[in-house]
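A short worksheet on the structure shown next.
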Amino acid sequence: MACALVAIIAGCQTTPSPSPSSPAATSIPGAGESPAAGATDSPAAGPTSETLIAAALAGGAITYEQSLLYRALALFDSPGLPAEYRSATADIGA
């Protein structure tokens, strides 16, 4: 019984994942890049809702509390989000 318990415990242990500085982690193409890399770089993409809301907050058009509400509405593509903050460009990083 003790041997079976030791075998189960030994089988459950995981190996540590490679650190970012190890050769295995840096040899993977695209490692460390965000999933949306280059998605907002194209001029045709337009600003995201997050960008529009952040600009309105910085300009004083909305309060911090309103920006939080609008960001939540944008995250779930809610119809309650005002049209001036709605964007056709999805913000995957939000």
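Chain identifiers are assigned as A, B, and so on, following the order in which chains appear in the structure tokens; residues are numbered from 1 within each chain, and ligands are numbered from 1 in order of appearance.
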
Selection: 12 Å around Ala83 of chain A, only C-alpha atoms, excl. self and same-chain fewer than 2 positions, as a PDB file with C-alpha atoms, in the first residue's frame:
```pdb
ATOM      1  CA  SER A  49     -13.934  51.429 -27.379  1.00  0.00           C
ATOM      2  CA  LEU A  52     -12.347  56.198 -26.991  1.00  0.00           C
ATOM      3  CA  ILE A  53     -13.393  55.902 -23.341  1.00  0.00           C
ATOM      4  CA  TYR A  70     -18.616  52.226 -20.088  1.00  0.00           C
ATOM      5  CA  LEU A  73     -20.540  47.762 -21.169  1.00  0.00           C
ATOM      6  CA  ALA A  74     -17.976  47.722 -23.997  1.00  0.00           C
ATOM      7  CA  ASP A  77     -20.870  44.671 -26.235  1.00  0.00           C
ATOM      8  CA  SER A  78     -23.895  45.957 -24.375  1.00  0.00           C
ATOM      9  CA  PRO A  79     -26.459  48.099 -26.208  1.00  0.00           C
ATOM     10  CA  GLY A  80     -26.362  50.434 -23.177  1.00  0.00           C
ATOM     11  CA  LEU A  81     -22.966  51.798 -24.268  1.00  0.00           C
ATOM     12  CA  TYR A  85     -17.864  55.034 -27.407  1.00  0.00           C
ATOM     13  CA  ARG A  86     -18.903  52.053 -29.538  1.00  0.00           C
ATOM     14  CA  SER A  87     -16.260  50.695 -31.879  1.00  0.00           C
ATOM     15  CA  ALA A  88     -16.313  48.042 -34.568  1.00  0.00           C
TER      16      ALA A  88
END
```
